[in-house]
file query.tsv (TSV, C-alpha atoms)
chain	number	residue	atom	x	y	z
U	14	MET	CA	77.68	-116.47	-55.75
U	15	ILE	CA	75.84	-117.76	-52.66
U	16	SER	CA	78.59	-116.48	-50.33
U	17	GLU	CA	78.46	-113.08	-52.03
U	18	PHE	CA	74.70	-112.96	-51.55
U	19	ALA	CA	75.15	-113.78	-47.85
U	20	GLU	CA	77.65	-110.91	-47.58
U	21	LEU	CA	75.16	-108.61	-49.29
U	22	LEU	CA	72.58	-109.44	-46.62
U	23	ARG	CA	75.07	-108.40	-43.92
U	24	TYR	CA	75.28	-104.97	-45.57
U	25	ARG	CA	71.52	-104.37	-45.68
U	26	GLU	CA	71.87	-101.41	-43.32
U	27	LEU	CA	74.17	-99.74	-45.84
U	28	VAL	CA	71.52	-100.26	-48.53
U	29	ALA	CA	68.96	-98.56	-46.27
U	30	GLN	CA	71.33	-95.63	-45.62
U	31	LEU	CA	71.96	-95.17	-49.34
U	32	VAL	CA	68.23	-95.20	-50.06
U	33	VAL	CA	67.56	-92.59	-47.36
U	34	ARG	CA	70.43	-90.46	-48.68
U	35	ASP	CA	69.06	-90.62	-52.22
U	36	LEU	CA	65.58	-89.58	-51.08
U	37	LYS	CA	66.96	-86.67	-49.06
U	38	VAL	CA	69.16	-85.44	-51.91
U	39	ARG	CA	66.35	-85.73	-54.44
U	40	TYR	CA	63.97	-83.58	-52.43
U	41	LYS	CA	66.50	-81.22	-50.85
U	42	ASN	CA	65.22	-77.60	-50.80
U	43	SER	CA	61.98	-78.71	-52.47
U	44	VAL	CA	58.73	-77.39	-51.01
U	45	LEU	CA	56.43	-79.94	-52.64
U	46	GLY	CA	58.87	-82.85	-52.31
U	47	PHE	CA	57.43	-86.14	-53.58
U	48	PHE	CA	54.61	-84.44	-55.46
U	49	TRP	CA	57.09	-83.19	-58.05
U	50	SER	CA	57.75	-86.84	-58.91
U	51	LEU	CA	54.02	-87.32	-59.42
U	52	ALA	CA	53.44	-84.06	-61.28
U	53	ASN	CA	55.47	-85.04	-64.34
U	54	PRO	CA	53.62	-88.35	-64.98
U	55	LEU	CA	50.27	-86.60	-64.54
U	56	VAL	CA	51.20	-83.88	-67.04
U	57	GLN	CA	52.45	-86.53	-69.48
U	58	VAL	CA	49.25	-88.57	-69.05
U	59	ALA	CA	47.10	-85.49	-69.68
U	60	THR	CA	49.09	-84.63	-72.83
U	61	ILE	CA	49.04	-88.19	-74.21
U	62	THR	CA	45.32	-88.46	-73.47
U	63	ILE	CA	44.57	-85.38	-75.56
U	64	VAL	CA	46.76	-86.58	-78.46
U	65	VAL	CA	45.48	-90.16	-78.48
U	66	LYS	CA	41.77	-89.44	-77.97
U	67	TYR	CA	41.40	-86.35	-80.15
U	68	VAL	CA	44.16	-86.73	-82.75
U	69	MET	CA	44.63	-90.49	-83.14
U	70	ARG	CA	40.92	-91.09	-82.40
U	71	LEU	CA	41.38	-94.02	-80.04
U	72	ASP	CA	38.04	-94.12	-78.24
U	73	ILE	CA	38.34	-95.94	-74.91
U	74	PRO	CA	36.08	-94.87	-72.02
U	75	ASN	CA	38.10	-93.38	-69.14
U	76	TYR	CA	41.24	-93.67	-71.26
U	77	SER	CA	43.30	-91.60	-68.81
U	78	ALA	CA	42.87	-94.31	-66.15
U	79	TYR	CA	43.99	-97.04	-68.58
U	80	LEU	CA	46.97	-94.90	-69.52
U	81	LEU	CA	47.97	-93.97	-65.98
U	82	VAL	CA	47.89	-97.54	-64.67
U	83	ALA	CA	50.55	-98.54	-67.23
U	84	TYR	CA	52.43	-95.24	-67.32
U	85	LEU	CA	53.34	-95.31	-63.61
U	86	PRO	CA	55.08	-98.73	-63.87
U	87	TRP	CA	56.79	-97.49	-67.03
U	88	VAL	CA	58.17	-94.43	-65.19
U	89	PHE	CA	59.41	-96.78	-62.45
U	90	PHE	CA	61.13	-98.89	-65.11
U	91	GLN	CA	62.62	-95.93	-66.98
U	92	MET	CA	63.84	-93.89	-64.01
U	93	THR	CA	65.37	-96.92	-62.27
U	94	LEU	CA	67.50	-97.85	-65.27
U	95	MET	CA	68.56	-94.25	-65.90
U	96	ASP	CA	69.59	-93.85	-62.25
U	97	ALA	CA	71.37	-97.22	-62.30
U	98	SER	CA	73.41	-96.23	-65.35
U	99	ASP	CA	75.17	-93.53	-63.33
U	100	VAL	CA	74.96	-94.91	-59.80
U	101	ILE	CA	78.57	-96.15	-59.74
U	102	MET	CA	80.66	-93.73	-61.80
U	103	GLY	CA	78.49	-90.69	-61.18
U	104	HIS	CA	77.01	-90.80	-57.70
U	105	HIS	CA	79.45	-92.98	-55.74
U	106	ARG	CA	82.78	-92.80	-57.54
U	107	ASP	CA	84.64	-91.49	-54.46
U	108	LEU	CA	83.06	-94.11	-52.20
U	109	LEU	CA	84.54	-96.90	-54.33
U	110	ARG	CA	88.07	-95.63	-53.70
U	111	LYS	CA	87.78	-95.21	-49.94
U	112	VAL	CA	85.60	-97.91	-48.36
U	113	TYR	CA	85.18	-101.67	-48.72
U	114	PHE	CA	81.61	-102.80	-49.29
U	115	PRO	CA	79.81	-105.15	-51.69
U	116	ARG	CA	79.50	-103.10	-54.87
U	117	GLU	CA	76.10	-104.57	-55.66
U	118	VAL	CA	74.49	-102.48	-52.92
U	119	LEU	CA	74.71	-99.46	-55.24
U	120	PRO	CA	72.37	-100.61	-58.05
U	121	ILE	CA	70.12	-102.32	-55.50
U	122	SER	CA	69.73	-99.06	-53.55
U	123	SER	CA	68.81	-97.34	-56.82
U	124	VAL	CA	66.05	-99.87	-57.45
U	125	ILE	CA	64.67	-99.59	-53.89
U	126	SER	CA	64.71	-95.79	-53.98
U	127	ASN	CA	62.66	-95.73	-57.18
U	128	LEU	CA	60.39	-98.48	-55.83
U	129	ILE	CA	59.49	-96.19	-52.93
U	130	HIS	CA	58.56	-93.43	-55.39
U	131	PHE	CA	56.47	-95.89	-57.37
U	132	MET	CA	54.60	-97.15	-54.30
U	133	LEU	CA	53.84	-93.60	-53.18
U	134	ALA	CA	52.48	-92.89	-56.66
U	135	LEU	CA	50.38	-96.06	-56.42
U	136	VAL	CA	48.82	-94.77	-53.20
U	137	VAL	CA	47.60	-91.73	-55.12
U	138	PHE	CA	46.45	-93.95	-57.99
U	139	PHE	CA	44.52	-96.24	-55.63
U	140	ALA	CA	42.72	-93.21	-54.22
U	141	TYR	CA	41.65	-92.43	-57.77
U	142	LEU	CA	40.80	-96.11	-58.35
U	143	LEU	CA	38.46	-96.16	-55.35
U	144	PHE	CA	36.76	-93.03	-56.66
U	145	TYR	CA	36.52	-94.59	-60.13
U	146	HIS	CA	34.94	-97.83	-58.88
U	147	LEU	CA	32.89	-96.80	-55.84
U	148	VAL	CA	31.72	-93.32	-56.81
U	149	LEU	CA	31.49	-93.44	-60.61
U	150	HIS	CA	30.43	-97.07	-61.05
U	151	GLY	CA	29.17	-98.12	-57.62
U	152	ALA	CA	31.16	-101.33	-57.75
U	153	PRO	CA	33.94	-102.74	-55.55
U	154	VAL	CA	37.54	-102.77	-56.71
U	155	SER	CA	38.30	-105.84	-58.82
U	156	SER	CA	39.79	-108.83	-57.01
U	157	GLY	CA	42.49	-108.71	-59.69
U	158	ALA	CA	44.16	-106.06	-57.55
U	159	LEU	CA	45.39	-108.94	-55.38
U	160	LEU	CA	47.80	-109.72	-58.21
U	161	LEU	CA	49.60	-106.40	-57.65
U	162	PRO	CA	52.21	-107.71	-55.13
U	163	ALA	CA	53.22	-110.46	-57.57
U	164	LEU	CA	53.54	-107.94	-60.42
U	165	LEU	CA	55.64	-105.67	-58.21
U	166	ALA	CA	57.91	-108.56	-57.26
U	167	MET	CA	58.36	-109.52	-60.91
U	168	GLN	CA	59.17	-105.97	-61.97
U	169	VAL	CA	61.63	-105.51	-59.11
U	170	MET	CA	63.43	-108.75	-60.09
U	171	LEU	CA	63.62	-107.58	-63.69
U	172	LEU	CA	64.91	-104.14	-62.70
U	173	VAL	CA	67.48	-105.51	-60.26
U	174	GLY	CA	68.93	-107.72	-62.98
U	175	LEU	CA	68.89	-105.00	-65.65
U	176	SER	CA	70.37	-102.48	-63.19
U	177	PHE	CA	73.28	-104.84	-62.55
U	178	PHE	CA	73.94	-105.08	-66.29
U	179	VAL	CA	73.53	-101.35	-66.99
U	180	SER	CA	75.52	-100.05	-64.01
U	181	CYS	CA	78.38	-102.49	-64.68
U	182	LEU	CA	78.55	-101.80	-68.42
U	183	ASN	CA	78.59	-98.04	-67.84
U	184	VAL	CA	81.76	-98.40	-65.75
U	185	PHE	CA	83.63	-99.77	-68.77
U	186	TYR	CA	81.70	-98.08	-71.59
U	187	GLU	CA	80.37	-94.64	-70.69
U	188	ASP	CA	78.35	-94.59	-73.90
U	189	THR	CA	76.01	-97.05	-72.16
U	190	LYS	CA	73.93	-94.36	-70.46
U	191	TYR	CA	73.47	-92.44	-73.71
U	192	LEU	CA	72.53	-95.58	-75.60
U	193	LEU	CA	70.11	-96.46	-72.80
U	194	VAL	CA	68.22	-93.17	-73.20
U	195	ALA	CA	67.78	-93.83	-76.92
U	196	LEU	CA	66.66	-97.43	-76.35
U	197	LEU	CA	64.16	-96.42	-73.66
U	198	ASN	CA	62.63	-93.82	-75.98
U	199	VAL	CA	62.13	-96.47	-78.65
U	200	LEU	CA	60.90	-99.09	-76.17
U	201	PHE	CA	58.22	-96.71	-74.87
U	202	TYR	CA	56.44	-96.79	-78.24
U	203	LEU	CA	56.85	-100.56	-78.60
U	204	THR	CA	55.37	-101.22	-75.15
U	205	PRO	CA	51.59	-101.16	-74.48
U	206	VAL	CA	51.59	-98.01	-72.40
U	207	MET	CA	49.88	-95.43	-74.63
U	208	TYR	CA	47.74	-98.11	-76.26
U	209	PRO	CA	46.27	-101.44	-75.10
U	210	ALA	CA	48.03	-104.65	-76.12
U	211	GLU	CA	44.77	-105.64	-77.82
U	212	LEU	CA	45.52	-103.04	-80.50
U	213	ILE	CA	48.59	-105.09	-81.45
U	214	TYR	CA	46.53	-108.29	-81.30
U	215	ILE	CA	43.94	-107.18	-83.88
U	216	ARG	CA	46.68	-105.96	-86.27
U	217	LEU	CA	48.45	-109.32	-86.39
U	218	PRO	CA	47.83	-111.76	-89.28
U	219	GLU	CA	44.84	-113.86	-88.30
U	220	ALA	CA	46.48	-117.16	-89.31
U	221	HIS	CA	49.27	-116.79	-86.75
U	222	ARG	CA	47.70	-114.25	-84.40
U	223	GLU	CA	47.84	-116.27	-81.17
U	224	LEU	CA	51.45	-117.31	-81.66
U	225	LEU	CA	52.66	-113.83	-82.64
U	226	TYR	CA	50.78	-112.24	-79.76
U	227	ARG	CA	52.42	-114.60	-77.28
U	228	LEU	CA	55.81	-113.79	-78.80
U	229	TYR	CA	54.94	-110.12	-78.23
U	230	LEU	CA	54.16	-110.87	-74.57
U	231	LEU	CA	57.43	-112.77	-74.26
U	232	ASN	CA	59.01	-109.37	-73.68
U	233	PRO	CA	58.54	-109.12	-69.89
U	234	VAL	CA	57.99	-105.35	-70.06
U	235	ASN	CA	55.05	-105.87	-72.43
U	236	ALA	CA	53.59	-108.63	-70.26
U	237	LEU	CA	53.92	-106.56	-67.08
U	238	MET	CA	52.37	-103.37	-68.46
U	239	ASP	CA	49.47	-105.41	-69.87
U	240	ALA	CA	48.99	-107.27	-66.57
U	241	TYR	CA	48.97	-104.07	-64.47
U	242	ARG	CA	46.19	-102.69	-66.67
U	243	LYS	CA	44.07	-105.85	-66.68
U	244	SER	CA	44.43	-106.61	-62.99
U	245	LEU	CA	43.55	-103.14	-61.72
U	246	LEU	CA	40.91	-101.95	-64.21
U	247	PRO	CA	37.75	-103.56	-65.63
U	248	PRO	CA	37.54	-104.85	-69.22
U	249	PHE	CA	36.93	-102.24	-71.90
U	250	GLU	CA	35.60	-101.93	-75.42
U	251	GLY	CA	37.20	-99.29	-77.60
U	252	HIS	CA	37.17	-98.07	-81.16
U	253	VAL	CA	39.98	-96.90	-83.40
U	254	ARG	CA	39.55	-95.95	-87.05
U	255	GLY	CA	36.37	-97.95	-87.37
U	256	ALA	CA	37.75	-101.10	-85.76
U	257	THR	CA	36.40	-102.37	-82.45
U	258	VAL	CA	38.93	-103.35	-79.81
U	259	HIS	CA	37.74	-105.82	-77.16
U	260	SER	CA	39.61	-106.31	-73.90
U	261	LEU	CA	41.34	-109.68	-73.54
U	262	GLY	CA	41.93	-111.48	-70.28
U	263	ILE	CA	45.32	-111.99	-68.68
U	264	ASP	CA	47.36	-114.66	-70.45
U	265	TRP	CA	48.37	-116.63	-67.35
U	266	LEU	CA	50.78	-118.87	-69.24
U	267	MET	CA	52.74	-115.90	-70.58
U	268	LEU	CA	52.62	-114.19	-67.20
U	269	GLY	CA	54.20	-117.31	-65.69
U	270	VAL	CA	56.85	-117.26	-68.41
U	271	CYS	CA	57.39	-113.57	-67.66
U	272	ALA	CA	58.04	-114.42	-63.98
U	273	LEU	CA	60.67	-116.98	-65.01
U	274	VAL	CA	62.32	-114.49	-67.39
U	275	CYS	CA	62.41	-111.82	-64.66
U	276	ALA	CA	64.03	-114.26	-62.23
U	277	ALA	CA	66.54	-115.35	-64.88
U	278	VAL	CA	67.46	-111.73	-65.63
U	279	ALA	CA	67.96	-111.05	-61.90
U	280	VAL	CA	70.27	-114.06	-61.45
U	281	GLY	CA	72.13	-113.42	-64.72
U	282	GLY	CA	72.62	-109.75	-63.93
U	283	TYR	CA	73.93	-110.57	-60.45
U	284	ALA	CA	76.44	-113.09	-61.85
U	285	PHE	CA	77.54	-110.65	-64.57
U	286	PHE	CA	78.04	-107.85	-62.03
U	287	ASN	CA	79.91	-109.98	-59.48
U	288	ALA	CA	82.36	-111.22	-62.10
U	289	ARG	CA	83.50	-107.64	-62.76
U	290	LYS	CA	82.79	-105.59	-59.63
U	291	TRP	CA	86.29	-105.61	-58.10
U	292	SER	CA	87.76	-103.85	-61.13
U	293	PHE	CA	85.46	-100.85	-60.68
U	294	ALA	CA	87.92	-98.96	-58.43
U	295	GLU	CA	90.56	-99.11	-61.15
U	296	ARG	CA	88.18	-97.38	-63.54
U	297	ALA	CA	86.95	-94.77	-61.06
call {"tool": "encode", "arguments": {"input": "query.tsv", "output": "structure tokens"}}
result
Amino acid sequence: MISEFAELLRYRELVAQLVVRDLKVRYKNSVLGFFWSLANPLVQVATITIVVKYVMRLDIPNYSAYLLVAYLPWVFFQMTLMDASDVIMGHHRDLLRKVYFPREVLPISSVISNLIHFMLALVVFFAYLLFYHLVLHGAPVSSGALLLPALLAMQVMLLVGLSFFVSCLNVFYEDTKYLLVALLNVLFYLTPVMYPAELIYIRLPEAHRELLYRLYLLNPVNALMDAYRKSLLPPFEGHVRGATVHSLGIDWLMLGVCALVCAAVAVGGYAFFNARKWSFAERA
């Protein structure tokens, strides 16, 4: 696997070309370009905010900020996996038949392309964050923001590994991409995006609350969404149906475990993909 990784590094220019091609195709003949990618999350955040605050009665000050800071990483996660599911058989089927190249550049280019979208969206979010802290509260941005590069690295590792699994499985079982859509829809409601992880914490049986909550954070997606929110925004106190929800700090132990899980998924996905990649042309 080490020799294959070394070969992948020699094809880094191909990865860059594929990323540029994807960005050009995505925004071809579009006047607003990137801002269409930002418009959908903003509309979704506005809709969810109205439903959660005024229908479900979850009272968290500046709830839209707490929602947006987790929703943007979720969109990065969702769109990357959906693109990866079709990156081989859909977008580059003809390329497989004609040219030799390490097949793993395809899912990696999908991850990088969506990472660029995510980072552009984060620029817009940080502009809002500066307004939120400096103008509305007269306070500097939390030093927790320094954790952002580590969270990005962890999420990229997780997505690279999952993209290897998803893209490879879809070559042999085309139902994979349809199953993925269904699983992502379910996972969205099980992940602390619309609601804080503390809402899960207070609903757990008190006798085993700490253990069950850590098992909940063992899912790296849950741990990452929670860490984005807590590193970039100040603690909160909310109310839902008469119960008070207090913000918890980052669980550093579980975040460390999350980093190990993300790395393990990346390595496992790469090994799984490499063991099957040379049979892709036969299926194309």
call {"tool": "residues_around", "arguments": {"input": "query.tsv", "residues": "Asp35 of chain U", "least_positions_apart": "4", "cutoff": "12 Å", "atoms": "only C-alpha atoms", "output": "list in words"}}
result
Val28, Ala29, Gln30, Leu31, Arg39, Tyr40, Lys41, Asp96, Val100, His104, His105, Leu119, Ser122, Ser123, Val124, Ile125, Ser126, Asn127, Ile129 and His130 of chain U
call {"tool": "residues_around", "arguments": {"input": "query.tsv", "residues": "segment 167-169 of chain U", "least_positions_apart": "4", "cutoff": "7 Å", "atoms": "only C-alpha atoms", "output": "list in words"}}
result
Ala163, Val173, Ala272 and Cys275 of chain U
call {"tool": "atom_distance", "arguments": {"input": "query.tsv", "atom1": "atom CA of Ala279 of chain U", "atom2": "atom CA of Met207 of chain U"}}
result
27.1 Å
call {"tool": "residues_around", "arguments": {"input": "query.tsv", "residues": "Lys243 of chain U", "least_positions_apart": "6", "cutoff": "8 Å", "atoms": "all atoms listed in the file", "output": "number ranges by chain"}}
result
U: 157, 262-263
call {"tool": "closest_residue", "arguments": {"input": "query.tsv", "among": "U:Val199, U:Ala78, U:Leu212, U:Leu159", "to": "Phe138 of chain U", "atoms": "all atoms listed in the file"}}
result
U:Ala78
call {"tool": "closest_residue", "arguments": {"input": "query.tsv", "among": "U:Tyr208, U:Arg227, U:Met95, U:Val112", "to": "Leu266 of chain U", "atoms": "only C-alpha atoms"}}
result
U:Arg227
call {"tool": "residues_around", "arguments": {"input": "query.tsv", "residues": "Val137 of chain U", "least_positions_apart": "2", "cutoff": "12 Å", "atoms": "only C-alpha atoms", "output": "list in words"}}
result
Phe47, Phe48, Ser50, Leu51, Ala52, Leu55, Leu81, Val82, Leu85, His130, Phe131, Met132, Leu133, Ala134, Leu135, Phe139, Ala140, Tyr141, Leu142, Leu143 and Phe144 of chain U
call {"tool": "closest_residue", "arguments": {"input": "query.tsv", "among": "U:Leu237, U:Met170, U:Val65, U:Val179", "to": "Ala83 of chain U", "atoms": "all atoms listed in the file"}}
result
U:Leu237
call {"tool": "residues_near_point", "arguments": {"input": "query.tsv", "point": "(79.1, -107.2, -60.7)", "cutoff": "8 Å", "atoms": "all atoms listed in the file", "output": "PyMOL selection string"}}
result
chain U and resi 116-117+177-178+181+282-291
call {"tool": "atom_distance", "arguments": {"input": "query.tsv", "atom1": "atom CA of Tyr24 of chain U", "atom2": "atom CA of Pro115 of chain U"}}
result
7.6 Å
call {"tool": "closest_residue", "arguments": {"input": "query.tsv", "among": "U:Leu203, U:Met102, U:Leu225, U:Leu36", "to": "Glu187 of chain U", "atoms": "all atoms listed in the file"}}
result
U:Met102
call {"tool": "closest_residue", "arguments": {"input": "query.tsv", "among": "U:Val88, U:Val274, U:Leu228, U:Val136", "to": "Asn198 of chain U", "atoms": "only C-alpha atoms"}}
result
U:Val88
call {"tool": "closest_residue", "arguments": {"input": "query.tsv", "among": "U:Tyr241, U:Trp265, U:Phe114, U:Tyr79", "to": "Pro209 of chain U", "atoms": "all atoms listed in the file"}}
result
U:Tyr79
call {"tool": "atom_distance", "arguments": {"input": "query.tsv", "atom1": "atom CA of Glu219 of chain U", "atom2": "atom CA of Leu261 of chain U"}}
result
15.7 Å
call {"tool": "residues_around", "arguments": {"input": "query.tsv", "residues": "Leu268 of chain U", "least_positions_apart": "6", "cutoff": "10 Å", "atoms": "all atoms listed in the file", "output": "number ranges by chain"}}
result
U: 164, 167, 230-231, 233, 236-237, 239-240, 274
call {"tool": "residues_near_point", "arguments": {"input": "query.tsv", "point": "(72.5, -99.3, -65.8)", "cutoff": "6 Å", "atoms": "only C-alpha atoms", "output": "list in words"}}
result
Leu94, Ala97, Ser98, Ser176, Phe178, Val179 and Ser180 of chain U
call {"tool": "decode", "arguments": {"input": "query.tsv", "residues": "segment 68-97 of chain U", "atoms": "N, CA and C atoms", "output": "short mmCIF file (atom, residue, chain, number, x, y, z; two decimals), in the first residue's frame"}}
result
data_model
loop_
_atom_site.label_atom_id
_atom_site.label_comp_id
_atom_site.auth_asym_id
_atom_site.auth_seq_id
_atom_site.Cartn_x
_atom_site.Cartn_y
_atom_site.Cartn_z
N VAL U 68 -42.06 26.20 16.30
CA VAL U 68 -42.94 25.03 16.33
C VAL U 68 -42.51 24.07 17.43
N MET U 69 -41.21 23.72 17.44
CA MET U 69 -40.70 22.81 18.46
C MET U 69 -40.36 23.52 19.77
N ARG U 70 -40.33 24.87 19.73
CA ARG U 70 -40.10 25.67 20.93
C ARG U 70 -38.76 25.41 21.60
N LEU U 71 -37.72 25.27 20.78
CA LEU U 71 -36.37 25.18 21.33
C LEU U 71 -35.81 26.59 21.39
N ASP U 72 -35.67 27.11 22.59
CA ASP U 72 -35.28 28.51 22.78
C ASP U 72 -33.78 28.61 23.08
N ILE U 73 -33.00 28.88 22.03
CA ILE U 73 -31.56 29.12 22.17
C ILE U 73 -31.26 30.47 21.55
N PRO U 74 -30.68 31.40 22.30
CA PRO U 74 -30.34 32.71 21.72
C PRO U 74 -29.45 32.55 20.49
N ASN U 75 -29.76 33.33 19.44
CA ASN U 75 -28.98 33.28 18.20
C ASN U 75 -28.90 31.86 17.65
N TYR U 76 -30.03 31.17 17.68
CA TYR U 76 -30.07 29.77 17.26
C TYR U 76 -29.57 29.57 15.83
N SER U 77 -29.84 30.52 14.94
CA SER U 77 -29.42 30.37 13.54
C SER U 77 -27.91 30.23 13.42
N ALA U 78 -27.15 30.91 14.29
CA ALA U 78 -25.69 30.78 14.26
C ALA U 78 -25.27 29.39 14.71
N TYR U 79 -25.92 28.87 15.77
CA TYR U 79 -25.59 27.53 16.26
C TYR U 79 -25.98 26.45 15.25
N LEU U 80 -27.02 26.73 14.48
CA LEU U 80 -27.42 25.79 13.44
C LEU U 80 -26.46 25.85 12.25
N LEU U 81 -26.15 27.04 11.81
CA LEU U 81 -25.31 27.21 10.62
C LEU U 81 -23.93 26.62 10.81
N VAL U 82 -23.35 26.77 12.01
CA VAL U 82 -21.98 26.32 12.24
C VAL U 82 -21.88 24.79 12.19
N ALA U 83 -22.98 24.08 12.39
CA ALA U 83 -22.97 22.62 12.24
C ALA U 83 -23.52 22.20 10.89
N TYR U 84 -24.41 23.03 10.32
CA TYR U 84 -25.04 22.65 9.05
C TYR U 84 -24.05 22.72 7.89
N LEU U 85 -23.13 23.67 7.90
CA LEU U 85 -22.14 23.77 6.82
C LEU U 85 -21.23 22.53 6.77
N PRO U 86 -20.68 22.07 7.90
CA PRO U 86 -19.92 20.81 7.86
C PRO U 86 -20.77 19.62 7.43
N TRP U 87 -22.05 19.63 7.81
CA TRP U 87 -22.93 18.53 7.40
C TRP U 87 -23.11 18.52 5.88
N VAL U 88 -23.30 19.69 5.28
CA VAL U 88 -23.44 19.78 3.83
C VAL U 88 -22.17 19.28 3.15
N PHE U 89 -21.02 19.65 3.70
CA PHE U 89 -19.74 19.15 3.19
C PHE U 89 -19.71 17.63 3.24
N PHE U 90 -20.12 17.06 4.34
CA PHE U 90 -20.16 15.61 4.52
C PHE U 90 -21.12 14.96 3.53
N GLN U 91 -22.32 15.48 3.45
CA GLN U 91 -23.36 14.90 2.60
C GLN U 91 -23.01 14.98 1.12
N MET U 92 -22.64 16.17 0.66
CA MET U 92 -22.38 16.37 -0.77
C MET U 92 -21.15 15.59 -1.22
N THR U 93 -20.14 15.48 -0.37
CA THR U 93 -18.94 14.73 -0.73
C THR U 93 -19.27 13.26 -0.97
N LEU U 94 -20.03 12.66 -0.07
CA LEU U 94 -20.36 11.25 -0.23
C LEU U 94 -21.29 11.01 -1.42
N MET U 95 -22.21 11.92 -1.66
CA MET U 95 -23.11 11.75 -2.81
C MET U 95 -22.34 11.89 -4.12
N ASP U 96 -21.40 12.82 -4.17
CA ASP U 96 -20.56 12.95 -5.37
C ASP U 96 -19.66 11.73 -5.54
N ALA U 97 -19.11 11.25 -4.43
CA ALA U 97 -18.20 10.10 -4.49
C ALA U 97 -18.92 8.84 -4.98
#
